[in-house]
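The next block holds one structure in the form of structure tokens; read it before the comments.
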Amino acid sequence: MKITKEKYIDCGKNKVNKYILNNSAGMSVEVLDLGCTIVSLKLPDRDGELKDVVLGYKDPMQYFSNPAFFGSVIGRISNRIAKGRFCWQGKQIELEINGGNDHLHGGTNGFWGRVWECIEDEGRLIFKINSPDKDSNYPGEIECYVSYILTEDNELIIKYKVTTPSESMANLTNHSYFNLNGDGSDSVLNHYLKINSDYFTEIAPDYIPTGKLLSVDNTPMDFRTFKTIGRDIDADYDQLLITGGYDHNYVLSEGLEIAAIVYSPESGIELEVSSDSPGMQLYTANLMGEGLIGKNGREYKQRSGFCLETQFYPDSLNHPEFPQPIVTKDAAQQFETRFKFRIRD
């Protein structure tokens with residue numbers, strides 16, 4: 001893997017660098033030190049045409065506000081925390097309300113909007129950030145490391161490591177939106193998707209988990225065998241009606257296992273996602289199409305991308321029955337997610 005560095009934004013205090021990862025198979029990944037953000041992921045399609053398969057902004061300055069969280073690492077806690085509250089060591093913690101009535105993706109000062117320190121280390125691109133005690137009112141200091149590795153087999157490996165000198169919490173994920181037809185294509189509804197999960201976390205009308213794990217059996221949530229994303233997305237099913245499409249956490253098995261496979265019959269590009277995280281959020285860009293101008297100058301439309309965000313379950317700090325995103329001084333938190341690309345004939 002070859003890594004090159006370029007200036008991306010140099011406007012007063014806004015100094016952001018871009019790092020380009022290349023392999024000999026023709027695949028490249030471009031990552032900013034702002035939010036560890038993936039702004040481009042290119043590889044040849046079935047016909048040898050280079051396709052960029054992640055969404056992003058035409059205006060680089062938009063990555064500072066990043067209303068769609070395109071490509072960024074989310075933290076300190078990804079997804080939602082109900083009403084921005086949770087109990088920690090006998091005290092109620094109050095966080096910013098920035099997503100409806102809840103705390104979303106670490107708040108308006110989340111890790112996605114900060115410039116991380118970059119460490120280039122023999123074939124790995126490593127980013128580091130320190131979050132002190134009471135940062136955004138989160139209790140406990142943490143230090144986070146996110147590394148990107150691009151293999152010769154067209155596999156992008158993301159490794160997360162979180163340490164603390166005391167006890168704290170973290171739930172990091174990458175929020176890339178994919179379109180295997182190529183960035184700028186209007187829809188991902190023709191993509192075939194398989195998710196290796198028997199259960200998902202039920203949500204209430206406010207998008208917050210109820211605490212129940214529901215079986216996917218005989219529901220539109222069942223992706224255990226390949227079907228198009230669009231086949232059941234508009235079904236008359238309460239969980240889909242709440243979110244206007246898929247925006248749900250699937251329960252994953254333990255260990256580094258294949259969580260999902262997505263395939264575009266249009267481009268021939270297949271994406272295999274493996275992770276040892278306990279859950280994975282499937283989001284089908286249900287709220288897209290509100291004036292977001294993409295890299296090719298076109299406005300993104302609803303469902304023009306999909307996310308597969310490996311994570312702890314949403315609002316897990318308020319659900320002791322869920323896996324907990326706790327990190328202690330004696331046990332670093334470490335997870336890995338692999339995005340492997342290949343071409344189908």
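Each chain in the structure tokens gets a letter, A, B and so on, in the order shown; residues start at 1 in every chain, and ligands are counted from 1 in the order they appear.
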Kindly provide the residues of segment 232-279 of chain A that approach segment 221-228 of chain A to within 10 Å, each paired with its closest atom pair and their distance in Å to one decimal, based on only C-alpha atoms, listed by chain and increasing number, as a tab-separated table.
residue	atom	partner	partner_atom	distance
A:Asp232	CA	A:Met221	CA	8.1
A:Ile233	CA	A:Met221	CA	8.7
A:Ala235	CA	A:Met221	CA	10.0
A:Tyr237	CA	A:Met221	CA	9.4
A:Gln239	CA	A:Met221	CA	8.8
A:Leu240	CA	A:Met221	CA	8.6
A:Tyr246	CA	A:Met221	CA	8.2
A:His248	CA	A:Met221	CA	8.9
A:Tyr250	CA	A:Met221	CA	9.3
A:Ala260	CA	A:Phe223	CA	9.0
A:Ile261	CA	A:Phe226	CA	8.5
A:Val262	CA	A:Phe226	CA	8.5
A:Tyr263	CA	A:Thr228	CA	9.1
A:Ser264	CA	A:Thr228	CA	9.4
With C-alpha atoms retained, write the just-selected residues as a PDB file, in the first residue's frame.
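Okay, out_32.pdb is ready:
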ATOM      1  CA  ASP A 232     -39.608  -4.468   0.724  1.00  0.00           C
ATOM      2  CA  ILE A 233     -38.456  -0.976   1.658  1.00  0.00           C
ATOM      3  CA  ALA A 235     -43.794  -2.347   2.912  1.00  0.00           C
ATOM      4  CA  TYR A 237     -44.636  -2.588   8.337  1.00  0.00           C
ATOM      5  CA  GLN A 239     -40.739  -0.411  11.846  1.00  0.00           C
ATOM      6  CA  LEU A 240     -40.233   0.791   8.274  1.00  0.00           C
ATOM      7  CA  TYR A 246     -34.298   1.004   6.686  1.00  0.00           C
ATOM      8  CA  HIS A 248     -32.187  -0.180  12.064  1.00  0.00           C
ATOM      9  CA  TYR A 250     -28.947  -5.628  13.268  1.00  0.00           C
ATOM     10  CA  ALA A 260     -23.222  -8.334   5.108  1.00  0.00           C
ATOM     11  CA  ILE A 261     -22.681  -8.680   1.371  1.00  0.00           C
ATOM     12  CA  VAL A 262     -23.953  -6.127  -1.148  1.00  0.00           C
ATOM     13  CA  TYR A 263     -23.868  -6.499  -4.921  1.00  0.00           C
ATOM     14  CA  SER A 264     -24.653  -4.152  -7.800  1.00  0.00           C
TER      15      SER A 264
END
With a cut-off of 10 Å, could you pull out the residues of segment 133-204 of chain A touching segment 305-314 of chain A and give me the nearest pair of atoms for each, distance in Å to one decimal, using only C-alpha atoms, ordered by chain and ascending number, as JSON lines?
{"residue": "A:Ala170", "atom": "CA", "partner": "A:Phe312", "partner_atom": "CA", "distance": 9.1}
{"residue": "A:Asn171", "atom": "CA", "partner": "A:Phe312", "partner_atom": "CA", "distance": 6.2}
{"residue": "A:Leu172", "atom": "CA", "partner": "A:Gln311", "partner_atom": "CA", "distance": 6.7}
{"residue": "A:Thr173", "atom": "CA", "partner": "A:Gln311", "partner_atom": "CA", "distance": 5.9}
{"residue": "A:Asn174", "atom": "CA", "partner": "A:Glu309", "partner_atom": "CA", "distance": 6.1}
{"residue": "A:His175", "atom": "CA", "partner": "A:Glu309", "partner_atom": "CA", "distance": 6.1}
{"residue": "A:Ser176", "atom": "CA", "partner": "A:Cys307", "partner_atom": "CA", "distance": 6.0}
{"residue": "A:Tyr177", "atom": "CA", "partner": "A:Cys307", "partner_atom": "CA", "distance": 4.8}
{"residue": "A:Phe178", "atom": "CA", "partner": "A:Gly305", "partner_atom": "CA", "distance": 5.2}
{"residue": "A:Asn179", "atom": "CA", "partner": "A:Gly305", "partner_atom": "CA", "distance": 5.1}
{"residue": "A:Leu180", "atom": "CA", "partner": "A:Gly305", "partner_atom": "CA", "distance": 8.7}
{"residue": "A:Asn181", "atom": "CA", "partner": "A:Gly305", "partner_atom": "CA", "distance": 9.7}
{"residue": "A:Gly182", "atom": "CA", "partner": "A:Gly305", "partner_atom": "CA", "distance": 9.7}
{"residue": "A:Asp183", "atom": "CA", "partner": "A:Gly305", "partner_atom": "CA", "distance": 8.5}
{"residue": "A:Gly184", "atom": "CA", "partner": "A:Gly305", "partner_atom": "CA", "distance": 9.4}
{"residue": "A:Ser185", "atom": "CA", "partner": "A:Gly305", "partner_atom": "CA", "distance": 8.8}
{"residue": "A:Asp186", "atom": "CA", "partner": "A:Gly305", "partner_atom": "CA", "distance": 8.5}
{"residue": "A:Ser187", "atom": "CA", "partner": "A:Gly305", "partner_atom": "CA", "distance": 6.8}
{"residue": "A:Val188", "atom": "CA", "partner": "A:Gly305", "partner_atom": "CA", "distance": 5.8}
{"residue": "A:Leu189", "atom": "CA", "partner": "A:Gly305", "partner_atom": "CA", "distance": 8.9}
{"residue": "A:His191", "atom": "CA", "partner": "A:Phe306", "partner_atom": "CA", "distance": 9.7}
{"residue": "A:Phe200", "atom": "CA", "partner": "A:Tyr313", "partner_atom": "CA", "distance": 9.5}
{"residue": "A:Thr201", "atom": "CA", "partner": "A:Tyr313", "partner_atom": "CA", "distance": 7.7}
{"residue": "A:Ile203", "atom": "CA", "partner": "A:Pro314", "partner_atom": "CA", "distance": 9.6}
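Distance annotation: of A:Gly113, A:Pro265, A:Pro209, A:Gly294, the residue with the minimal separation from Asp247 of chain A is A:Pro209; atom set is only C-alpha atoms.
Neighbouring residues of Ile149 of chain A at 6 Å or closer, counting only C-alpha atoms and skipping chain neighbours under 3 positions away, are Arg124, Leu156 and Ile157 of chain A.
The environment of Gly107 of chain A within 9 Å, counting only C-alpha atoms and disregarding residues fewer than 6 places along the same chain, consists of Gly75, Arg76, Ile77, Leu95, Glu96, Ile97, Asn98, Gly99 and Ser136 of chain A.
All residues within segment 222-266 of chain A that the backbone DSSP calculation assigns to helix (DSSP H, G or I) are Asp238, Gln239, Leu240, Leu241, Ile242 and Thr243 of chain A.
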Write the residues you've just listed into a file as a PDB file, in the first residue's frame, and include C-alpha atoms for each of them.
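Below is the file again_35.pdb, written as the result:
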ATOM      1  CA  ASP A 238     -44.530  -0.436  11.455  1.00  0.00           C
ATOM      2  CA  GLN A 239     -40.739  -0.411  11.846  1.00  0.00           C
ATOM      3  CA  LEU A 240     -40.233   0.791   8.274  1.00  0.00           C
ATOM      4  CA  LEU A 241     -43.066   3.307   8.465  1.00  0.00           C
ATOM      5  CA  ILE A 242     -41.382   4.975  11.453  1.00  0.00           C
ATOM      6  CA  THR A 243     -38.146   5.630   9.579  1.00  0.00           C
TER       7      THR A 243
END
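Among the candidates A:Glu120, A:Arg338, A:Gly35, A:Lys13, the one nearest to Glu272 of chain A when counting only C-alpha atoms is A:Arg338.
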